[in-house]
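J.: I'm passing along my_file_14.pdb; it holds PDB, N, CA and C atoms.
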```pdb
ATOM      1  N   MET A   1      40.128 -56.350 -59.189
ATOM      2  CA  MET A   1      40.861 -55.203 -58.684
ATOM      3  C   MET A   1      39.889 -54.033 -58.518
ATOM      4  N   SER A   2      39.847 -53.447 -57.349
ATOM      5  CA  SER A   2      38.925 -52.343 -57.105
ATOM      6  C   SER A   2      39.602 -51.008 -57.403
ATOM      7  N   GLN A   3      38.789 -50.075 -57.868
ATOM      8  CA  GLN A   3      39.273 -48.734 -58.145
ATOM      9  C   GLN A   3      38.770 -47.801 -57.050
ATOM     10  N   GLU A   4      39.612 -46.871 -56.637
ATOM     11  CA  GLU A   4      39.198 -45.904 -55.639
ATOM     12  C   GLU A   4      38.441 -44.772 -56.312
ATOM     13  N   LEU A   5      37.356 -44.326 -55.672
ATOM     14  CA  LEU A   5      36.580 -43.196 -56.164
ATOM     15  C   LEU A   5      36.720 -42.037 -55.203
ATOM     16  N   SER A   6      36.848 -40.859 -55.747
ATOM     17  CA  SER A   6      36.845 -39.675 -54.889
ATOM     18  C   SER A   6      35.416 -39.453 -54.408
ATOM     19  N   ARG A   7      35.265 -38.662 -53.373
ATOM     20  CA  ARG A   7      33.939 -38.352 -52.846
ATOM     21  C   ARG A   7      33.087 -37.669 -53.911
ATOM     22  N   ARG A   8      33.697 -36.741 -54.650
ATOM     23  CA  ARG A   8      32.964 -36.044 -55.713
ATOM     24  C   ARG A   8      32.528 -37.013 -56.795
ATOM     25  N   ALA A   9      33.411 -37.923 -57.181
ATOM     26  CA  ALA A   9      33.080 -38.880 -58.226
ATOM     27  C   ALA A   9      31.960 -39.808 -57.780
ATOM     28  N   LEU A  10      31.979 -40.199 -56.526
ATOM     29  CA  LEU A  10      30.948 -41.081 -56.001
ATOM     30  C   LEU A  10      29.581 -40.419 -56.063
ATOM     31  N   PHE A  11      29.483 -39.183 -55.611
ATOM     32  CA  PHE A  11      28.200 -38.505 -55.580
ATOM     33  C   PHE A  11      27.739 -38.048 -56.959
ATOM     34  N   ARG A  12      28.651 -37.800 -57.844
ATOM     35  CA  ARG A  12      28.272 -37.412 -59.204
ATOM     36  C   ARG A  12      28.160 -38.618 -60.127
ATOM     37  N   ARG A  13      28.444 -39.793 -59.583
ATOM     38  CA  ARG A  13      28.380 -41.044 -60.333
ATOM     39  C   ARG A  13      29.262 -41.004 -61.578
ATOM     40  N   LEU A  14      30.466 -40.492 -61.384
ATOM     41  CA  LEU A  14      31.451 -40.464 -62.448
ATOM     42  C   LEU A  14      32.511 -41.512 -62.184
ATOM     43  N   SER A  15      33.085 -42.037 -63.220
ATOM     44  CA  SER A  15      34.228 -42.915 -63.031
ATOM     45  C   SER A  15      35.452 -42.047 -62.820
ATOM     46  N   PRO A  16      36.533 -42.574 -62.243
ATOM     47  CA  PRO A  16      37.718 -41.760 -62.011
ATOM     48  C   PRO A  16      38.291 -41.150 -63.284
ATOM     49  N   ALA A  17      38.140 -41.814 -64.415
ATOM     50  CA  ALA A  17      38.662 -41.281 -65.664
ATOM     51  C   ALA A  17      37.878 -40.050 -66.115
ATOM     52  N   GLN A  18      36.593 -39.945 -65.732
ATOM     53  CA  GLN A  18      35.770 -38.811 -66.138
ATOM     54  C   GLN A  18      35.843 -37.657 -65.151
ATOM     55  N   ASP A  19      36.297 -37.909 -63.950
ATOM     56  CA  ASP A  19      36.370 -36.882 -62.920
ATOM     57  C   ASP A  19      37.411 -35.842 -63.333
ATOM     58  N   PRO A  20      37.027 -34.559 -63.390
ATOM     59  CA  PRO A  20      37.988 -33.547 -63.800
ATOM     60  C   PRO A  20      39.158 -33.449 -62.833
ATOM     61  N   VAL A  21      40.344 -33.288 -63.366
ATOM     62  CA  VAL A  21      41.539 -33.171 -62.552
ATOM     63  C   VAL A  21      41.678 -31.718 -62.121
ATOM     64  N   PRO A  22      41.676 -31.443 -60.806
ATOM     65  CA  PRO A  22      41.793 -30.057 -60.359
ATOM     66  C   PRO A  22      43.155 -29.481 -60.705
ATOM     67  N   GLN A  23      43.171 -28.227 -61.067
ATOM     68  CA  GLN A  23      44.400 -27.513 -61.374
ATOM     69  C   GLN A  23      44.844 -26.773 -60.116
ATOM     70  N   GLY A  24      45.499 -27.446 -59.221
ATOM     71  CA  GLY A  24      45.933 -26.843 -57.967
ATOM     72  C   GLY A  24      44.888 -27.024 -56.885
ATOM     73  N   PRO A  25      45.152 -26.475 -55.699
ATOM     74  CA  PRO A  25      44.215 -26.626 -54.578
ATOM     75  C   PRO A  25      42.892 -25.922 -54.858
ATOM     76  N   GLN A  26      41.820 -26.507 -54.330
ATOM     77  CA  GLN A  26      40.494 -25.928 -54.514
ATOM     78  C   GLN A  26      39.866 -25.612 -53.166
ATOM     79  N   VAL A  27      38.973 -24.625 -53.175
ATOM     80  CA  VAL A  27      38.233 -24.230 -51.979
ATOM     81  C   VAL A  27      36.768 -24.053 -52.348
ATOM     82  N   ALA A  28      35.907 -24.096 -51.351
ATOM     83  CA  ALA A  28      34.479 -23.897 -51.562
ATOM     84  C   ALA A  28      34.188 -22.436 -51.869
ATOM     85  N   ALA A  29      33.176 -22.216 -52.697
ATOM     86  CA  ALA A  29      32.732 -20.864 -53.039
ATOM     87  C   ALA A  29      31.212 -20.873 -53.130
ATOM     88  N   LEU A  30      30.584 -19.803 -52.683
ATOM     89  CA  LEU A  30      29.130 -19.688 -52.728
ATOM     90  C   LEU A  30      28.710 -18.811 -53.892
ATOM     91  N   GLY A  31      27.627 -19.222 -54.548
ATOM     92  CA  GLY A  31      27.070 -18.449 -55.640
ATOM     93  C   GLY A  31      25.921 -17.580 -55.171
ATOM     94  N   GLU A  32      25.310 -16.902 -56.119
ATOM     95  CA  GLU A  32      24.213 -15.982 -55.809
ATOM     96  C   GLU A  32      22.967 -16.689 -55.296
ATOM     97  N   GLY A  33      22.820 -17.978 -55.566
ATOM     98  CA  GLY A  33      21.629 -18.694 -55.157
ATOM     99  C   GLY A  33      21.579 -19.056 -53.687
ATOM    100  N   CYS A  34      22.619 -18.745 -52.930
ATOM    101  CA  CYS A  34      22.676 -19.087 -51.510
ATOM    102  C   CYS A  34      21.478 -18.498 -50.773
ATOM    103  N   LEU A  35      20.777 -19.347 -50.028
ATOM    104  CA  LEU A  35      19.594 -18.893 -49.296
ATOM    105  C   LEU A  35      19.935 -17.860 -48.239
ATOM    106  N   ALA A  36      21.038 -18.047 -47.522
ATOM    107  CA  ALA A  36      21.413 -17.102 -46.471
ATOM    108  C   ALA A  36      21.729 -15.731 -47.062
ATOM    109  N   VAL A  37      22.321 -15.685 -48.228
ATOM    110  CA  VAL A  37      22.614 -14.410 -48.878
ATOM    111  C   VAL A  37      21.319 -13.720 -49.282
ATOM    112  N   ARG A  38      20.289 -14.505 -49.609
ATOM    113  CA  ARG A  38      18.988 -13.953 -50.000
ATOM    114  C   ARG A  38      18.111 -13.581 -48.805
ATOM    115  N   GLY A  39      18.621 -13.783 -47.599
ATOM    116  CA  GLY A  39      17.870 -13.399 -46.409
ATOM    117  C   GLY A  39      17.056 -14.520 -45.794
ATOM    118  N   ILE A  40      17.212 -15.740 -46.264
ATOM    119  CA  ILE A  40      16.497 -16.891 -45.729
ATOM    120  C   ILE A  40      17.449 -17.645 -44.803
ATOM    121  N   THR A  41      17.001 -17.938 -43.594
ATOM    122  CA  THR A  41      17.860 -18.604 -42.627
ATOM    123  C   THR A  41      18.213 -20.003 -43.113
ATOM    124  N   CYS A  42      19.506 -20.226 -43.308
ATOM    125  CA  CYS A  42      20.006 -21.530 -43.725
ATOM    126  C   CYS A  42      21.465 -21.611 -43.305
ATOM    127  N   ALA A  43      21.851 -22.712 -42.737
ATOM    128  CA  ALA A  43      23.252 -22.940 -42.362
ATOM    129  C   ALA A  43      23.588 -24.409 -42.564
ATOM    130  N   SER A  44      22.954 -25.037 -43.549
ATOM    131  CA  SER A  44      23.153 -26.473 -43.753
ATOM    132  C   SER A  44      24.578 -26.819 -44.142
ATOM    133  N   CYS A  45      25.325 -25.887 -44.714
ATOM    134  CA  CYS A  45      26.700 -26.167 -45.135
ATOM    135  C   CYS A  45      27.693 -26.100 -43.979
ATOM    136  N   VAL A  46      27.321 -25.461 -42.886
ATOM    137  CA  VAL A  46      28.244 -25.244 -41.771
ATOM    138  C   VAL A  46      28.528 -26.539 -41.005
ATOM    139  N   ASP A  47      27.502 -27.334 -40.741
ATOM    140  CA  ASP A  47      27.671 -28.549 -39.928
ATOM    141  C   ASP A  47      28.629 -29.585 -40.515
ATOM    142  N   PRO A  48      28.543 -29.920 -41.801
ATOM    143  CA  PRO A  48      29.452 -30.958 -42.313
ATOM    144  C   PRO A  48      30.888 -30.489 -42.531
ATOM    145  N   CYS A  49      31.157 -29.221 -42.356
ATOM    146  CA  CYS A  49      32.506 -28.680 -42.585
ATOM    147  C   CYS A  49      33.373 -28.946 -41.349
ATOM    148  N   GLU A  50      34.108 -30.065 -41.391
ATOM    149  CA  GLU A  50      34.931 -30.447 -40.240
ATOM    150  C   GLU A  50      36.060 -29.467 -39.940
ATOM    151  N   PRO A  51      36.724 -28.878 -40.950
ATOM    152  CA  PRO A  51      37.782 -27.916 -40.616
ATOM    153  C   PRO A  51      37.244 -26.585 -40.089
ATOM    154  N   GLY A  52      35.927 -26.368 -40.163
ATOM    155  CA  GLY A  52      35.343 -25.119 -39.682
ATOM    156  C   GLY A  52      35.582 -23.942 -40.612
ATOM    157  N   ALA A  53      35.752 -24.211 -41.900
ATOM    158  CA  ALA A  53      36.015 -23.143 -42.861
ATOM    159  C   ALA A  53      34.757 -22.342 -43.179
ATOM    160  N   LEU A  54      33.599 -22.947 -43.063
ATOM    161  CA  LEU A  54      32.330 -22.253 -43.312
ATOM    162  C   LEU A  54      31.744 -21.787 -41.992
ATOM    163  N   ARG A  55      31.432 -20.514 -41.943
ATOM    164  CA  ARG A  55      30.833 -19.927 -40.736
ATOM    165  C   ARG A  55      29.736 -18.961 -41.132
ATOM    166  N   ILE A  56      28.815 -18.728 -40.215
ATOM    167  CA  ILE A  56      27.764 -17.744 -40.421
ATOM    168  C   ILE A  56      28.094 -16.526 -39.572
ATOM    169  N   ARG A  57      28.309 -15.394 -40.223
ATOM    170  CA  ARG A  57      28.616 -14.149 -39.525
ATOM    171  C   ARG A  57      27.297 -13.431 -39.224
ATOM    172  N   PRO A  58      26.974 -13.228 -37.946
ATOM    173  CA  PRO A  58      25.719 -12.556 -37.589
ATOM    174  C   PRO A  58      25.692 -11.119 -38.095
ATOM    175  N   MET A  59      24.508 -10.701 -38.541
ATOM    176  CA  MET A  59      24.307  -9.329 -39.003
ATOM    177  C   MET A  59      23.091  -8.752 -38.289
ATOM    178  N   LEU A  60      22.905  -7.475 -38.408
ATOM    179  CA  LEU A  60      21.737  -6.835 -37.804
ATOM    180  C   LEU A  60      20.457  -7.394 -38.408
ATOM    181  N   GLY A  61      19.420  -7.482 -37.607
ATOM    182  CA  GLY A  61      18.144  -7.980 -38.068
ATOM    183  C   GLY A  61      17.996  -9.485 -37.942
ATOM    184  N   GLY A  62      18.935 -10.151 -37.278
ATOM    185  CA  GLY A  62      18.847 -11.581 -37.068
ATOM    186  C   GLY A  62      19.314 -12.427 -38.231
ATOM    187  N   ARG A  63      19.743 -11.793 -39.270
ATOM    188  CA  ARG A  63      20.211 -12.510 -40.459
ATOM    189  C   ARG A  63      21.692 -12.835 -40.324
ATOM    190  N   GLY A  64      22.139 -13.865 -40.988
ATOM    191  CA  GLY A  64      23.544 -14.223 -40.973
ATOM    192  C   GLY A  64      24.095 -14.289 -42.383
ATOM    193  N   LEU A  65      25.343 -13.914 -42.545
ATOM    194  CA  LEU A  65      25.997 -13.950 -43.844
ATOM    195  C   LEU A  65      27.084 -15.012 -43.813
ATOM    196  N   PRO A  66      27.030 -16.000 -44.702
ATOM    197  CA  PRO A  66      28.055 -17.042 -44.694
ATOM    198  C   PRO A  66      29.410 -16.511 -45.156
ATOM    199  N   THR A  67      30.465 -17.006 -44.538
ATOM    200  CA  THR A  67      31.822 -16.675 -44.947
ATOM    201  C   THR A  67      32.622 -17.968 -45.057
ATOM    202  N   ILE A  68      33.610 -17.955 -45.929
ATOM    203  CA  ILE A  68      34.470 -19.117 -46.123
ATOM    204  C   ILE A  68      35.900 -18.696 -45.843
ATOM    205  N   ASP A  69      36.539 -19.390 -44.918
ATOM    206  CA  ASP A  69      37.946 -19.154 -44.621
ATOM    207  C   ASP A  69      38.756 -20.015 -45.589
ATOM    208  N   ALA A  70      39.275 -19.396 -46.633
ATOM    209  CA  ALA A  70      39.991 -20.126 -47.679
ATOM    210  C   ALA A  70      41.223 -20.837 -47.124
ATOM    211  N   ALA A  71      41.821 -20.284 -46.097
ATOM    212  CA  ALA A  71      43.007 -20.912 -45.509
ATOM    213  C   ALA A  71      42.647 -22.206 -44.778
ATOM    214  N   ALA A  72      41.439 -22.286 -44.235
ATOM    215  CA  ALA A  72      41.020 -23.478 -43.496
ATOM    216  C   ALA A  72      40.331 -24.506 -44.390
ATOM    217  N   CYS A  73      39.807 -24.087 -45.532
ATOM    218  CA  CYS A  73      39.078 -24.988 -46.428
ATOM    219  C   CYS A  73      40.040 -25.990 -47.059
ATOM    220  N   THR A  74      39.679 -27.271 -46.966
ATOM    221  CA  THR A  74      40.518 -28.328 -47.536
ATOM    222  C   THR A  74      40.074 -28.720 -48.933
ATOM    223  N   GLY A  75      38.926 -28.220 -49.382
ATOM    224  CA  GLY A  75      38.413 -28.578 -50.699
ATOM    225  C   GLY A  75      37.839 -29.979 -50.754
ATOM    226  N   CYS A  76      37.430 -30.516 -49.612
ATOM    227  CA  CYS A  76      36.939 -31.898 -49.544
ATOM    228  C   CYS A  76      35.589 -32.067 -50.241
ATOM    229  N   GLY A  77      34.777 -31.022 -50.290
ATOM    230  CA  GLY A  77      33.484 -31.094 -50.957
ATOM    231  C   GLY A  77      32.345 -31.590 -50.097
ATOM    232  N   ASP A  78      32.559 -31.791 -48.794
ATOM    233  CA  ASP A  78      31.487 -32.267 -47.919
ATOM    234  C   ASP A  78      30.302 -31.301 -47.871
ATOM    235  N   CYS A  79      30.541 -30.032 -48.082
ATOM    236  CA  CYS A  79      29.476 -29.032 -48.013
ATOM    237  C   CYS A  79      28.642 -28.970 -49.292
ATOM    238  N   LEU A  80      29.159 -29.473 -50.393
ATOM    239  CA  LEU A  80      28.481 -29.341 -51.682
ATOM    240  C   LEU A  80      27.140 -30.059 -51.726
ATOM    241  N   ASN A  81      27.096 -31.261 -51.227
ATOM    242  CA  ASN A  81      25.892 -32.080 -51.363
ATOM    243  C   ASN A  81      24.786 -31.745 -50.384
ATOM    244  N   VAL A  82      25.069 -30.994 -49.343
ATOM    245  CA  VAL A  82      24.031 -30.675 -48.360
ATOM    246  C   VAL A  82      23.315 -29.367 -48.679
ATOM    247  N   CYS A  83      23.837 -28.583 -49.588
ATOM    248  CA  CYS A  83      23.198 -27.314 -49.938
ATOM    249  C   CYS A  83      21.888 -27.595 -50.675
ATOM    250  N   PRO A  84      20.749 -27.103 -50.143
ATOM    251  CA  PRO A  84      19.457 -27.414 -50.757
ATOM    252  C   PRO A  84      19.257 -26.763 -52.125
ATOM    253  N   VAL A  85      20.030 -25.733 -52.458
ATOM    254  CA  VAL A  85      19.865 -25.053 -53.747
ATOM    255  C   VAL A  85      21.095 -25.198 -54.649
ATOM    256  N   GLY A  86      22.087 -25.950 -54.212
ATOM    257  CA  GLY A  86      23.278 -26.167 -55.030
ATOM    258  C   GLY A  86      24.109 -24.920 -55.260
ATOM    259  N   ALA A  87      24.148 -24.039 -54.268
ATOM    260  CA  ALA A  87      24.860 -22.769 -54.419
ATOM    261  C   ALA A  87      26.362 -22.889 -54.208
ATOM    262  N   LEU A  88      26.818 -24.002 -53.668
ATOM    263  CA  LEU A  88      28.249 -24.182 -53.410
ATOM    264  C   LEU A  88      28.940 -24.875 -54.568
ATOM    265  N   SER A  89      30.176 -24.482 -54.793
ATOM    266  CA  SER A  89      31.011 -25.137 -55.797
ATOM    267  C   SER A  89      32.456 -25.072 -55.330
ATOM    268  N   LEU A  90      33.316 -25.817 -55.996
ATOM    269  CA  LEU A  90      34.740 -25.754 -55.699
ATOM    270  C   LEU A  90      35.424 -24.926 -56.773
ATOM    271  N   THR A  91      36.268 -24.006 -56.345
ATOM    272  CA  THR A  91      37.016 -23.170 -57.264
ATOM    273  C   THR A  91      38.490 -23.225 -56.899
ATOM    274  N   ARG A  92      39.324 -22.737 -57.776
ATOM    275  CA  ARG A  92      40.761 -22.688 -57.480
ATOM    276  C   ARG A  92      40.997 -21.800 -56.294
ATOM    277  N   ALA A  93      41.900 -22.229 -55.437
ATOM    278  CA  ALA A  93      42.219 -21.480 -54.216
ATOM    279  C   ALA A  93      42.945 -20.204 -54.574
ATOM    280  N   GLU A  94      42.546 -19.118 -53.924
ATOM    281  CA  GLU A  94      43.224 -17.840 -54.056
ATOM    282  C   GLU A  94      43.877 -17.506 -52.736
ATOM    283  N   ILE A  95      44.991 -16.848 -52.795
ATOM    284  CA  ILE A  95      45.700 -16.460 -51.566
ATOM    285  C   ILE A  95      44.852 -15.412 -50.863
ATOM    286  N   GLY A  96      44.653 -15.612 -49.554
ATOM    287  CA  GLY A  96      43.874 -14.654 -48.782
ATOM    288  C   GLY A  96      43.236 -15.332 -47.601
ATOM    289  N   GLY A  97      42.452 -14.587 -46.883
ATOM    290  CA  GLY A  97      41.829 -15.107 -45.678
ATOM    291  C   GLY A  97      40.364 -15.349 -45.889
ATOM    292  N   SER A  98      39.575 -14.931 -44.939
ATOM    293  CA  SER A  98      38.154 -15.143 -44.940
ATOM    294  C   SER A  98      37.496 -14.211 -45.941
ATOM    295  N   THR A  99      36.601 -14.765 -46.770
ATOM    296  CA  THR A  99      35.919 -13.951 -47.769
ATOM    297  C   THR A  99      34.433 -14.033 -47.556
ATOM    298  N   PRO A 100      33.728 -12.891 -47.598
ATOM    299  CA  PRO A 100      32.281 -12.940 -47.506
ATOM    300  C   PRO A 100      31.728 -13.508 -48.794
ATOM    301  N   CYS A 101      30.621 -14.196 -48.692
ATOM    302  CA  CYS A 101      30.018 -14.829 -49.857
ATOM    303  C   CYS A 101      29.018 -13.882 -50.484
ATOM    304  N   ALA A 102      29.128 -13.705 -51.771
ATOM    305  CA  ALA A 102      28.261 -12.879 -52.606
ATOM    306  C   ALA A 102      28.081 -11.516 -52.092
TER     307      ALA A 102
END
```
Step by step, read the file and then write its structure as structure tokens.
T.:
Amino acid sequence: MSQELSRRALFRRLSPAQDPVPQGPQVAALGEGCLAVRGITCASCVDPCEPGALRIRPMLGGRGLPTIDAAACTGCGDCLNVCPVGALSLTRAEIGGSTPCA
């Protein structure tokens, strides 16, 4: 009998029993380590986001600031593994719209 693994469990090499049970819907959140927030051009999280919840908002000076549309984010976690510095995480969903990161 095969057991189904969530995407997070597969990449973290956890069994389903060890995978933490989310308390309600989750959305992606960026931490302080985000390269784009530090002024380094990076948009690796934008491409794998099929719902289009992650976007880069252009700013003066050619820099872009990532934003997450919490209403569009499904909490799938596809963006977590592509971040070169591990700045993305899943957090409990808060009511609201697009939030600037850091």
J.: Have a look at atom C of Cys76 (chain A) and atom N of Met59 (chain A) and let me know their distance in Å, one decimal.
T.: 26.8 Å
J.: Fewer than 6 positions away in the same chain doesn't count, so skip those; otherwise give me all residues within 7 Å of Cys34 (chain A), counting only N, CA and C atoms, as a list in words.
T.: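 Near neighbours after the sequence-gap exclusion: Ile40, Val85, Gly86, Ala87 and Leu88 of chain A.
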J.: Give the answer as one residue: which of A:Val82, A:Ala28, A:Arg92, A:Leu35 has the shortest atom-to-atom distance to Pro48 (chain A), using only N, CA and C atoms?
T.: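 The answer is A:Val82, which sits nearest to Pro48 (chain A).
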J.: Counting only C-alpha atoms, what is within 12 Å of Gly62 (chain A), bar same-chain residues fewer than 5 positions away, as a count of residues only?
T.: 6
J.: When you look at Leu30 (chain A) with a cut-off of 10 Å (counting only C-alpha atoms), what residues show up, excluding the ones that are within fewer than 3 positions of it in the same chain? I need them as a VMD selection string.
T.: chain A and resid 33 to 34 37 66 to 68 80 86 to 91 100 to 102
J.: Once you have the residues from the selection above, write them out as a JSON list (two decimals), in the frame of the given file, restricted to N, CA and C atoms.
T.:
```json
[["chain", "number", "residue", "atom", "x", "y", "z"],
["A", 33, "GLY", "N", 22.82, -17.98, -55.57],
["A", 33, "GLY", "CA", 21.63, -18.69, -55.16],
["A", 33, "GLY", "C", 21.58, -19.06, -53.69],
["A", 34, "CYS", "N", 22.62, -18.74, -52.93],
["A", 34, "CYS", "CA", 22.68, -19.09, -51.51],
["A", 34, "CYS", "C", 21.48, -18.50, -50.77],
["A", 37, "VAL", "N", 22.32, -15.68, -48.23],
["A", 37, "VAL", "CA", 22.61, -14.41, -48.88],
["A", 37, "VAL", "C", 21.32, -13.72, -49.28],
["A", 66, "PRO", "N", 27.03, -16.00, -44.70],
["A", 66, "PRO", "CA", 28.06, -17.04, -44.69],
["A", 66, "PRO", "C", 29.41, -16.51, -45.16],
["A", 67, "THR", "N", 30.46, -17.01, -44.54],
["A", 67, "THR", "CA", 31.82, -16.68, -44.95],
["A", 67, "THR", "C", 32.62, -17.97, -45.06],
["A", 68, "ILE", "N", 33.61, -17.95, -45.93],
["A", 68, "ILE", "CA", 34.47, -19.12, -46.12],
["A", 68, "ILE", "C", 35.90, -18.70, -45.84],
["A", 80, "LEU", "N", 29.16, -29.47, -50.39],
["A", 80, "LEU", "CA", 28.48, -29.34, -51.68],
["A", 80, "LEU", "C", 27.14, -30.06, -51.73],
["A", 86, "GLY", "N", 22.09, -25.95, -54.21],
["A", 86, "GLY", "CA", 23.28, -26.17, -55.03],
["A", 86, "GLY", "C", 24.11, -24.92, -55.26],
["A", 87, "ALA", "N", 24.15, -24.04, -54.27],
["A", 87, "ALA", "CA", 24.86, -22.77, -54.42],
["A", 87, "ALA", "C", 26.36, -22.89, -54.21],
["A", 88, "LEU", "N", 26.82, -24.00, -53.67],
["A", 88, "LEU", "CA", 28.25, -24.18, -53.41],
["A", 88, "LEU", "C", 28.94, -24.88, -54.57],
["A", 89, "SER", "N", 30.18, -24.48, -54.79],
["A", 89, "SER", "CA", 31.01, -25.14, -55.80],
["A", 89, "SER", "C", 32.46, -25.07, -55.33],
["A", 90, "LEU", "N", 33.32, -25.82, -56.00],
["A", 90, "LEU", "CA", 34.74, -25.75, -55.70],
["A", 90, "LEU", "C", 35.42, -24.93, -56.77],
["A", 91, "THR", "N", 36.27, -24.01, -56.34],
["A", 91, "THR", "CA", 37.02, -23.17, -57.26],
["A", 91, "THR", "C", 38.49, -23.22, -56.90],
["A", 100, "PRO", "N", 33.73, -12.89, -47.60],
["A", 100, "PRO", "CA", 32.28, -12.94, -47.51],
["A", 100, "PRO", "C", 31.73, -13.51, -48.79],
["A", 101, "CYS", "N", 30.62, -14.20, -48.69],
["A", 101, "CYS", "CA", 30.02, -14.83, -49.86],
["A", 101, "CYS", "C", 29.02, -13.88, -50.48],
["A", 102, "ALA", "N", 29.13, -13.70, -51.77],
["A", 102, "ALA", "CA", 28.26, -12.88, -52.61],
["A", 102, "ALA", "C", 28.08, -11.52, -52.09]]
```
J.: Give as a PyMOL selection string the residues that the PyMOL selection byres ((chain A and resi 53) around 5) matches when applied to the coordinates above.
T.: chain A and resi 51-52+54-55+68-69+72-73
J.: Output as a PyMOL selection string all residues of region 34-96 of chain A that backbone DSSP marks as strand (DSSP E or B).
T.: chain A and resi 54-58+64-69+88-92
J.: Please indicate the distance in Å from CA of Ala43 (chain A) to CA of Arg63 (chain A), rounded to one decimal place.
T.: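 Result for CA of Ala43 (chain A) versus CA of Arg63 (chain A): 11.0 Å, one decimal.
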J.: Calculate how many Å separate atom C of Ala71 (chain A) from atom N of Cys83 (chain A), rounding to one decimal.
T.: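 Separation of atom C of Ala71 (chain A) and atom N of Cys83 (chain A): 20.4 Å.
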J.: Could the centre and edge lengths of an axis-aligned box, enclosing all atoms of region 64-80 of chain A in the file with 4 Å extra on each side, be given in Å to one decimal as lines of an AutoDock Vina configuration file?
T.:
```
center_x = 32.6
center_y = -23.1
center_z = -46.3
size_x = 28.9
size_y = 26.4
size_z = 18.8
```
